[in-house]
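Raw input-v9.cif, mmCIF, C-alpha atoms and all ligand atoms:
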data_final
#
loop_
_atom_site.label_atom_id
_atom_site.label_comp_id
_atom_site.auth_asym_id
_atom_site.auth_seq_id
_atom_site.Cartn_x
_atom_site.Cartn_y
_atom_site.Cartn_z
CA ASP A 1 -63.68 23.62 63.71
CA ALA A 2 -65.40 20.99 61.61
CA THR A 3 -68.40 20.59 63.92
CA VAL A 4 -69.16 24.29 64.07
CA ARG A 5 -68.78 24.41 60.32
CA ARG A 6 -71.30 21.61 59.84
CA ILE A 7 -73.85 23.12 62.21
CA ALA A 8 -73.63 26.46 60.45
CA ALA A 9 -74.01 24.69 57.12
CA GLY A 10 -77.18 22.93 58.27
CA GLU A 11 -78.86 26.27 58.89
CA VAL A 12 -78.22 27.69 55.46
CA VAL A 13 -78.09 24.62 53.24
CA GLU A 14 -81.41 23.01 53.89
CA ARG A 15 -81.82 20.70 50.94
CA PRO A 16 -80.57 20.03 47.39
CA ALA A 17 -82.58 22.98 46.06
CA SER A 18 -80.61 25.39 48.28
CA VAL A 19 -77.37 24.08 46.76
CA VAL A 20 -78.76 24.43 43.25
CA LYS A 21 -79.84 28.01 43.98
CA GLU A 22 -76.36 29.04 45.14
CA LEU A 23 -74.54 27.33 42.26
CA LEU A 24 -76.93 28.76 39.71
CA GLU A 25 -76.52 32.24 41.16
CA ASN A 26 -72.75 31.91 40.93
CA SER A 27 -73.04 30.93 37.26
CA LEU A 28 -75.22 33.94 36.52
CA ASP A 29 -72.87 36.21 38.48
CA ALA A 30 -70.08 34.80 36.30
CA ASP A 31 -71.82 36.18 33.22
CA ALA A 32 -72.77 32.78 31.80
CA SER A 33 -74.89 32.64 28.66
CA ARG A 34 -75.51 28.89 29.03
CA VAL A 35 -76.12 26.98 32.27
CA THR A 36 -76.94 23.29 32.68
CA VAL A 37 -78.23 21.91 35.96
CA ALA A 38 -78.19 18.11 36.16
CA VAL A 39 -79.35 16.34 39.30
CA GLU A 40 -79.56 12.69 40.30
CA GLY A 41 -82.06 11.28 42.78
CA GLY A 42 -83.70 14.63 43.38
CA GLY A 43 -80.25 16.11 43.99
CA ILE A 44 -79.62 13.97 47.07
CA GLU A 45 -77.25 11.72 45.13
CA GLY A 46 -75.69 14.38 42.97
CA ILE A 47 -75.90 17.91 41.61
CA ARG A 48 -73.87 19.24 38.70
CA VAL A 49 -74.01 22.83 37.48
CA ARG A 50 -72.06 23.69 34.35
CA ASP A 51 -71.62 27.17 32.91
CA ASP A 52 -69.75 29.02 30.17
CA GLY A 53 -69.04 31.99 32.41
CA VAL A 54 -65.79 33.82 33.15
CA GLY A 55 -64.23 30.81 34.87
CA MET A 56 -61.49 30.75 37.51
CA THR A 57 -57.72 30.56 37.62
CA ALA A 58 -55.94 28.08 39.91
CA ASP A 59 -55.63 30.81 42.56
CA ASP A 60 -59.28 31.80 42.24
CA LEU A 61 -60.23 28.17 42.67
CA GLU A 62 -58.25 27.77 45.86
CA ARG A 63 -59.75 30.94 47.31
CA ALA A 64 -63.30 30.18 46.22
CA VAL A 65 -63.83 27.42 48.80
CA GLU A 66 -62.16 29.20 51.72
CA GLU A 67 -64.24 30.71 54.49
CA HIS A 68 -65.62 34.23 53.93
CA THR A 69 -64.16 34.62 50.52
CA THR A 70 -65.91 36.39 47.74
CA SER A 71 -64.67 38.18 44.67
CA LYS A 72 -67.81 40.29 44.69
CA ILE A 73 -67.37 42.61 47.66
CA SER A 74 -64.32 44.73 48.33
CA SER A 75 -65.42 46.90 51.26
CA GLY A 76 -67.92 47.20 54.07
CA ASP A 77 -69.91 49.70 52.01
CA ASP A 78 -70.32 47.18 49.24
CA LEU A 79 -71.66 44.70 51.73
CA ALA A 80 -74.61 46.95 52.57
CA ALA A 81 -75.28 47.56 48.88
CA VAL A 82 -75.46 43.90 47.90
CA GLY A 83 -78.40 43.13 50.16
CA THR A 84 -79.50 40.53 47.64
CA LEU A 85 -76.63 38.06 48.00
CA GLY A 86 -77.57 35.23 50.29
CA PHE A 87 -74.30 33.96 51.66
CA ARG A 88 -71.71 36.66 50.91
CA GLY A 89 -68.74 34.51 50.16
CA GLU A 90 -69.96 31.55 52.18
CA ALA A 91 -71.87 29.36 49.77
CA LEU A 92 -69.14 27.18 48.29
CA HIS A 93 -67.36 26.85 51.61
CA THR A 94 -70.57 25.96 53.41
CA ILE A 95 -71.78 23.44 50.84
CA SER A 96 -68.36 21.81 50.64
CA ALA A 97 -68.44 21.20 54.42
CA VAL A 98 -71.45 18.89 54.11
CA SER A 99 -70.75 17.07 50.84
CA HIS A 100 -68.15 15.91 48.38
CA MET A 101 -67.50 18.77 45.98
CA THR A 102 -65.42 18.91 42.83
CA ILE A 103 -64.92 22.14 40.91
CA ARG A 104 -63.40 22.25 37.44
CA SER A 105 -62.81 25.63 35.93
CA ARG A 106 -60.98 27.33 33.11
CA PRO A 107 -60.86 31.10 32.52
CA ARG A 108 -62.90 32.10 29.52
CA ASP A 109 -60.32 34.62 28.32
CA GLY A 110 -57.41 32.18 28.21
CA GLY A 111 -55.32 30.05 30.51
CA ARG A 112 -55.47 26.44 31.58
CA GLY A 113 -58.17 24.52 33.35
CA HIS A 114 -57.86 23.26 36.93
CA GLU A 115 -59.78 21.17 39.37
CA LEU A 116 -60.18 20.98 43.10
CA THR A 117 -61.92 18.41 45.28
CA VAL A 118 -63.20 19.15 48.77
CA GLU A 119 -64.40 16.34 51.03
CA GLY A 120 -66.45 17.35 54.04
CA GLY A 121 -64.65 20.69 54.19
CA ASP A 122 -61.13 19.36 53.59
CA ALA A 123 -59.74 20.82 50.39
CA GLY A 124 -57.29 18.79 48.32
CA GLU A 125 -54.69 20.13 45.92
CA VAL A 126 -55.52 22.18 42.86
CA THR A 127 -54.48 20.11 39.84
CA PRO A 128 -54.54 20.72 36.07
CA SER A 129 -57.68 19.62 34.27
CA GLY A 130 -58.59 19.45 30.62
CA CYS A 131 -61.94 21.18 30.94
CA PRO A 132 -63.70 23.60 28.59
CA PRO A 133 -63.84 27.36 29.40
CA GLY A 134 -66.25 28.09 32.22
CA THR A 135 -66.99 26.23 35.42
CA VAL A 136 -68.50 22.91 36.51
CA VAL A 137 -69.36 22.33 40.15
CA GLU A 138 -70.30 18.80 41.21
CA VAL A 139 -71.78 18.08 44.61
CA THR A 140 -72.39 14.49 45.68
CA ASP A 141 -73.48 12.79 48.90
CA LEU A 142 -75.07 15.90 50.33
CA PHE A 143 -75.28 15.73 54.17
CA TYR A 144 -73.34 12.43 54.27
CA ASN A 145 -71.64 13.72 57.43
CA THR A 146 -74.68 15.45 58.96
CA PRO A 147 -77.20 12.66 59.70
CA ALA A 148 -79.51 15.06 61.55
CA ARG A 149 -79.91 17.09 58.39
CA GLU A 150 -80.09 14.06 56.12
CA LYS A 151 -83.04 12.78 58.13
CA PHE A 152 -85.12 15.79 57.10
CA LEU A 153 -84.73 15.18 53.39
CA LYS A 154 -87.93 14.11 51.66
CA THR A 155 -88.28 11.64 48.80
CA PRO A 156 -86.21 12.23 45.65
CA ALA A 157 -89.45 13.23 43.86
CA THR A 158 -90.21 15.93 46.41
CA GLU A 159 -86.64 17.18 46.53
CA PHE A 160 -86.67 17.34 42.74
CA ASP A 161 -89.86 19.43 42.86
CA HIS A 162 -87.98 22.01 44.90
CA VAL A 163 -85.01 21.91 42.53
CA ASN A 164 -87.33 22.32 39.56
CA ARG A 165 -88.96 25.38 41.14
CA VAL A 166 -85.63 27.06 41.74
CA VAL A 167 -84.28 26.41 38.24
CA THR A 168 -87.62 27.49 36.73
CA GLN A 169 -87.53 30.81 38.60
CA TYR A 170 -84.03 31.59 37.40
CA ALA A 171 -84.80 30.48 33.84
CA LEU A 172 -87.85 32.77 33.73
CA ALA A 173 -85.96 35.68 35.30
CA ASN A 174 -83.13 35.31 32.76
CA PRO A 175 -84.62 34.65 29.31
CA ASP A 176 -81.27 35.61 27.77
CA VAL A 177 -79.51 32.68 29.47
CA ALA A 178 -79.96 29.24 27.87
CA THR A 179 -80.93 27.18 30.92
CA THR A 180 -81.22 23.39 30.90
CA LEU A 181 -82.51 21.16 33.67
CA GLU A 182 -81.89 17.39 33.71
CA HIS A 183 -83.08 14.81 36.22
CA ASP A 184 -81.64 11.29 36.27
CA GLY A 185 -80.23 11.76 32.78
CA ARG A 186 -83.48 13.04 31.25
CA GLU A 187 -83.99 16.58 30.04
CA VAL A 188 -86.81 18.29 31.97
CA PHE A 189 -86.63 21.58 30.07
CA ALA A 190 -84.21 23.66 28.06
CA THR A 191 -84.68 27.34 27.30
CA GLU A 192 -83.07 28.84 24.21
CA GLY A 193 -81.62 31.96 25.78
CA THR A 194 -82.89 34.24 23.01
CA GLY A 195 -84.12 36.81 25.52
CA ASP A 196 -87.75 36.21 24.55
CA LEU A 197 -90.03 35.58 27.55
CA GLN A 198 -92.80 33.90 25.54
CA SER A 199 -90.46 31.21 24.18
CA THR A 200 -88.92 30.78 27.61
CA VAL A 201 -92.38 30.09 29.05
CA LEU A 202 -93.01 27.66 26.19
CA ALA A 203 -89.83 25.76 27.05
CA VAL A 204 -90.54 25.68 30.78
CA TYR A 205 -94.33 25.19 31.00
CA GLY A 206 -95.21 23.73 27.60
CA ARG A 207 -97.42 24.67 24.67
CA GLU A 208 -100.83 24.67 26.36
CA VAL A 209 -99.73 27.20 28.97
CA ALA A 210 -97.63 29.31 26.60
CA SER A 211 -100.48 29.68 24.13
CA SER A 212 -102.80 30.98 26.84
CA MET A 213 -100.44 33.75 27.93
CA VAL A 214 -101.38 37.41 27.62
CA GLU A 215 -98.80 40.16 27.58
CA VAL A 216 -98.68 42.65 30.44
CA ASP A 217 -96.87 45.87 29.68
CA ALA A 218 -97.29 48.98 31.80
CA ASP A 219 -94.37 51.23 31.05
CA ASP A 220 -95.52 54.16 33.10
CA ALA A 221 -97.27 52.29 35.86
CA ALA A 222 -98.82 54.41 38.56
CA GLY A 223 -97.67 55.40 42.03
CA PRO A 224 -94.55 53.82 43.48
CA VAL A 225 -94.06 51.45 40.52
CA THR A 226 -91.78 52.33 37.61
CA SER A 227 -92.89 49.59 35.23
CA ILE A 228 -94.63 46.24 35.10
CA SER A 229 -94.12 43.69 32.34
CA GLY A 230 -94.51 39.98 31.73
CA LEU A 231 -97.14 37.37 30.97
CA VAL A 232 -100.28 36.08 32.66
CA SER A 233 -102.53 33.18 31.66
CA HIS A 234 -106.18 33.13 30.59
CA PRO A 235 -108.47 32.60 33.60
CA GLU A 236 -109.17 28.99 32.60
CA THR A 237 -105.50 28.01 32.48
CA THR A 238 -104.81 27.49 36.16
CA ARG A 239 -103.26 25.09 38.65
CA ALA A 240 -104.08 24.20 42.22
CA GLY A 241 -100.76 25.50 43.57
CA ARG A 242 -99.59 29.08 43.78
CA GLU A 243 -96.06 28.22 42.66
CA TYR A 244 -96.83 29.03 39.02
CA LEU A 245 -97.52 32.62 39.93
CA SER A 246 -94.00 34.06 39.79
CA THR A 247 -93.18 37.63 40.68
CA PHE A 248 -89.83 39.35 40.27
CA VAL A 249 -88.98 42.68 41.83
CA ASN A 250 -86.09 44.51 40.19
CA GLY A 251 -85.10 41.26 38.50
CA ARG A 252 -85.14 39.05 41.60
CA TYR A 253 -87.64 36.30 42.37
CA VAL A 254 -89.58 37.27 45.46
CA THR A 255 -92.54 36.08 47.46
CA ALA A 256 -94.94 38.83 48.50
CA GLY A 257 -98.56 38.33 49.48
CA THR A 258 -99.33 41.80 48.14
CA LEU A 259 -98.20 40.91 44.64
CA ARG A 260 -100.01 37.58 44.61
CA GLU A 261 -103.27 39.12 45.82
CA ALA A 262 -102.93 41.93 43.31
CA VAL A 263 -102.76 39.42 40.45
CA LEU A 264 -105.68 37.35 41.77
CA ASP A 265 -107.79 40.52 42.19
CA ALA A 266 -107.22 41.38 38.53
CA TYR A 267 -109.14 38.25 37.51
CA GLY A 268 -112.16 39.59 39.42
CA GLY A 269 -113.82 36.31 40.35
CA GLN A 270 -113.13 34.56 37.03
CA LEU A 271 -110.89 31.97 38.67
CA ALA A 272 -112.28 28.72 40.02
CA PRO A 273 -111.98 28.38 43.81
CA ASP A 274 -108.44 27.60 44.98
CA ARG A 275 -107.04 27.86 41.47
CA TYR A 276 -104.09 30.07 40.55
CA PRO A 277 -103.19 31.44 37.13
CA PHE A 278 -99.75 31.21 35.58
CA ALA A 279 -97.92 34.49 35.79
CA VAL A 280 -94.40 35.71 35.14
CA LEU A 281 -94.36 39.33 36.20
CA PHE A 282 -91.49 41.77 36.47
CA VAL A 283 -92.19 44.70 38.75
CA GLU A 284 -89.67 47.54 38.76
CA VAL A 285 -89.61 49.94 41.71
CA PRO A 286 -87.06 52.48 42.92
CA PRO A 287 -84.68 50.59 45.26
CA ASP A 288 -85.59 52.81 48.22
CA ALA A 289 -89.29 51.97 47.87
CA VAL A 290 -88.76 48.32 48.76
CA ASP A 291 -87.51 46.62 51.89
CA VAL A 292 -85.83 43.29 51.18
CA ASN A 293 -85.69 40.75 53.94
CA VAL A 294 -82.98 38.42 52.77
CA HIS A 295 -82.80 34.97 54.15
CA PRO A 296 -80.57 32.36 52.54
CA ARG A 297 -83.58 30.21 51.80
CA LYS A 298 -86.16 32.75 50.77
CA MET A 299 -86.71 36.23 49.55
CA GLU A 300 -89.48 38.32 51.04
CA VAL A 301 -90.17 41.94 50.22
CA ARG A 302 -92.30 44.71 51.66
CA PHE A 303 -93.09 47.94 49.93
CA ASP A 304 -93.25 51.34 51.61
CA ASP A 305 -96.53 51.84 49.77
CA GLU A 306 -98.07 48.36 49.77
CA SER A 307 -101.51 49.49 48.56
CA GLY A 308 -100.02 51.67 45.81
CA VAL A 309 -98.00 48.75 44.44
CA LYS A 310 -100.98 46.45 44.75
CA SER A 311 -103.35 48.65 42.77
CA ALA A 312 -100.72 49.37 40.09
CA LEU A 313 -100.23 45.63 39.55
CA THR A 314 -103.94 44.84 39.59
CA ASP A 315 -104.56 47.60 37.02
CA ALA A 316 -101.73 46.41 34.76
CA VAL A 317 -102.89 42.78 34.76
CA ARG A 318 -106.58 43.71 34.42
CA SER A 319 -106.00 45.92 31.41
CA ALA A 320 -103.90 43.18 29.77
CA LEU A 321 -106.78 40.72 30.25
CA LEU A 322 -109.34 43.28 29.01
CA ASP A 323 -107.24 44.06 25.93
CA ASP A 324 -107.40 40.38 25.14
CA GLY A 325 -111.18 40.35 25.50
CA LEU A 326 -111.10 38.38 28.75
P1 LIG B 1 -70.17 34.63 46.64
O1 LIG B 1 -70.99 34.17 45.47
O2 LIG B 1 -71.01 35.25 47.69
O3 LIG B 1 -69.00 35.46 46.28
P2 LIG B 1 -69.50 31.82 46.85
O4 LIG B 1 -69.01 30.99 47.98
O5 LIG B 1 -70.79 31.44 46.23
O6 LIG B 1 -69.56 33.31 47.36
O7 LIG B 1 -68.38 31.85 45.73
C1 LIG B 1 -67.07 32.26 46.08
C2 LIG B 1 -66.35 32.82 44.89
O8 LIG B 1 -66.04 31.77 43.97
C3 LIG B 1 -67.10 33.83 44.07
O9 LIG B 1 -66.98 35.13 44.61
C4 LIG B 1 -66.46 33.70 42.69
O10 LIG B 1 -65.29 34.48 42.65
C5 LIG B 1 -66.06 32.25 42.64
N1 LIG B 1 -67.02 31.45 41.86
C6 LIG B 1 -67.96 30.63 42.37
N2 LIG B 1 -68.68 30.03 41.40
C7 LIG B 1 -68.21 30.49 40.23
C8 LIG B 1 -68.53 30.26 38.84
N3 LIG B 1 -69.53 29.43 38.48
N4 LIG B 1 -67.80 30.91 37.90
C9 LIG B 1 -66.80 31.75 38.26
N5 LIG B 1 -66.44 32.01 39.54
C10 LIG B 1 -67.13 31.40 40.52
MG MG B 2 -72.44 32.73 45.55
#
Have the structure of the file written as structure tokens, please.
Ligand code: ADP
Ligand code: MG
Amino acid sequence: DATVRRIAAGEVVERPASVVKELLENSLDADASRVTVAVEGGGIEGIRVRDDGVGMTADDLERAVEEHTTSKISSGDDLAAVGTLGFRGEALHTISAVSHMTIRSRPRDGGRGHELTVEGGDAGEVTPSGCPPGTVVEVTDLFYNTPAREKFLKTPATEFDHVNRVVTQYALANPDVATTLEHDGREVFATEGTGDLQSTVLAVYGREVASSMVEVDADDAAGPVTSISGLVSHPETTRAGREYLSTFVNGRYVTAGTLREAVLDAYGGQLAPDRYPFAVLFVEVPPDAVDVNVHPRKMEVRFDDESGVKSALTDAVRSALLDDGL
């Protein structure tokens, strides 16, 4: 019933950034080459994610917001294999239970556009809509019917910080997708989607940071690691928070103390106390060498050989810094 639905939603949809993460992931799953995330009031007032992906038919649209529906898994076996999907067919349904949601979508390969509005979990009728190919999902009044959850929201500025972090992670992980973030009508950043990491970093973090980046490239990294690539900053280009040190394992943003420490070790005491460098690092490992603990709100990994991964990453970053005379 509606109450159960709302309680369940509160556990997985914590704040505007969790909504943005799910919508953005859907756009990327839909093979989008351009995604625009626009939020109002930190996302508390409104969130709109627009993509030029495959789009949905009227039937797809109706199914998309039903409970336990996904077009991405067809058997129990698949379910085990897609350990990386947070909600497994639950995201749109769950978000729509605690907000006002409107989806407009038109299949990219032909056919008409349609729209569907869901209010607090109650879906209306699918109606024709003159929208461009792709999908736009609009979420307003998040938690309007769950005051207990609404109470835990922070200021719009803080909520926007979280949204910004999520969109930044996905933009960095997908340099081939032109990703735009807007807050209260102003553009925060826009990547070009050329596939080039350096220009993506320039778009996201600005010129000062981009110009201090050193390329890391260890094709045949040692031990349990297949390859390590990406960018790290000069030791003097740092911030007080660790959130600018981004690590991706097999293409997914993850948090792992091992990876963070490995990067810090590579600087060998050159960093000021409590300062963190900028890093965008892609670590590739065989899937069976990593244990992914998926939680809808975060992504933690452990490696079978933690110390092997750690030293491979430290070596890769250190030799990149040395090559640059640092
Ligand atoms: P999941 O992503 O786990 O399948 P969701 O609730 O996030 O579950 O989405 C349900 C379904 O709606 C997806 O499987 C997909 O078929 C469709 N869908 C959602 N967002 C989009 C989008 N941006 N473009 C195309 N299809 C989408
Ligand atoms: Mg999804």
Checklist line | Polymer residues at most 9 Å from (-91.6, 34.1, 45.3) by all atoms listed in the file, as a ChimeraX atom specification | finding: /A:169,243,245-248,252-256,298-300
Output file for the residues above (C-alpha atoms, as a PDB file, in the coordinates of the input):
ATOM      1  CA  GLN A 169     -87.530  30.810  38.600  1.00  0.00           C
ATOM      2  CA  GLU A 243     -96.060  28.220  42.660  1.00  0.00           C
ATOM      3  CA  LEU A 245     -97.520  32.620  39.930  1.00  0.00           C
ATOM      4  CA  SER A 246     -94.000  34.060  39.790  1.00  0.00           C
ATOM      5  CA  THR A 247     -93.180  37.630  40.680  1.00  0.00           C
ATOM      6  CA  PHE A 248     -89.830  39.350  40.270  1.00  0.00           C
ATOM      7  CA  ARG A 252     -85.140  39.050  41.600  1.00  0.00           C
ATOM      8  CA  TYR A 253     -87.640  36.300  42.370  1.00  0.00           C
ATOM      9  CA  VAL A 254     -89.580  37.270  45.460  1.00  0.00           C
ATOM     10  CA  THR A 255     -92.540  36.080  47.460  1.00  0.00           C
ATOM     11  CA  ALA A 256     -94.940  38.830  48.500  1.00  0.00           C
ATOM     12  CA  LYS A 298     -86.160  32.750  50.770  1.00  0.00           C
ATOM     13  CA  MET A 299     -86.710  36.230  49.550  1.00  0.00           C
ATOM     14  CA  GLU A 300     -89.480  38.320  51.040  1.00  0.00           C
TER      15      GLU A 300
END
Item checked: Contacts to ligand LIG 1 (chain B) at 7 Å cut-off (only C-alpha atoms and all ligand atoms) as a PyMOL selection string -> chain A and resi 22-23+26-27+30+51+53-56+60-61+64-65+69-72+85+87-93+134-136
Next item on the list: Go through A:Asp265, A:Asp304, A:Asp161, A:Glu125 and flag the residue nearest Pro235 of chain A, using only C-alpha atoms for the distances.
Entry: A:Asp265
Note to self: Considering only C-alpha atoms, can you say which of A:Val285, A:Val126, A:Val204, A:Leu142 comes closest to Ile228 of chain A?
What the structure shows: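 Of A:Val285, A:Val126, A:Val204, A:Leu142, the one nearest Ile228 of chain A is A:Val285, counting only C-alpha atoms.
When atom CA of Thr258 of chain A is paired with atom CA of Leu231 of chain A, their separation reads 17.9 Å.
If you measure from each of A:Val216, A:Val137, A:Leu202, A:Leu326 to Ser229 of chain A using all atoms listed in the file, the closest one turns out to be A:Val216.
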Check: From the list A:Val49, A:Leu181, A:Ser99, A:Glu150, which residue is nearest Glu14 of chain A when using only C-alpha atoms?
Finding: A:Glu150
Next item on the list: Could you tell me which of A:Ala222, A:Val301, A:Val19, A:Ala148 comes closest to ligand MG 2 (chain B) if we count only C-alpha atoms and all ligand atoms?
Entry: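 Counting only C-alpha atoms and all ligand atoms, the residue closest to ligand MG 2 (chain B) is A:Val19.
Among the candidate residues A:Asp184, A:Lys154, A:Thr94, A:Arg48, the one lying nearest to ligand MG 2 (chain B) is A:Thr94, with distances computed using only C-alpha atoms and all ligand atoms.
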Check: atom CA of Asn164 of chain A and atom CA of Thr191 of chain A, how far apart in Å?
Finding: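 Going from atom CA of Thr191 of chain A over to atom CA of Asn164 of chain A covers 13.5 Å.
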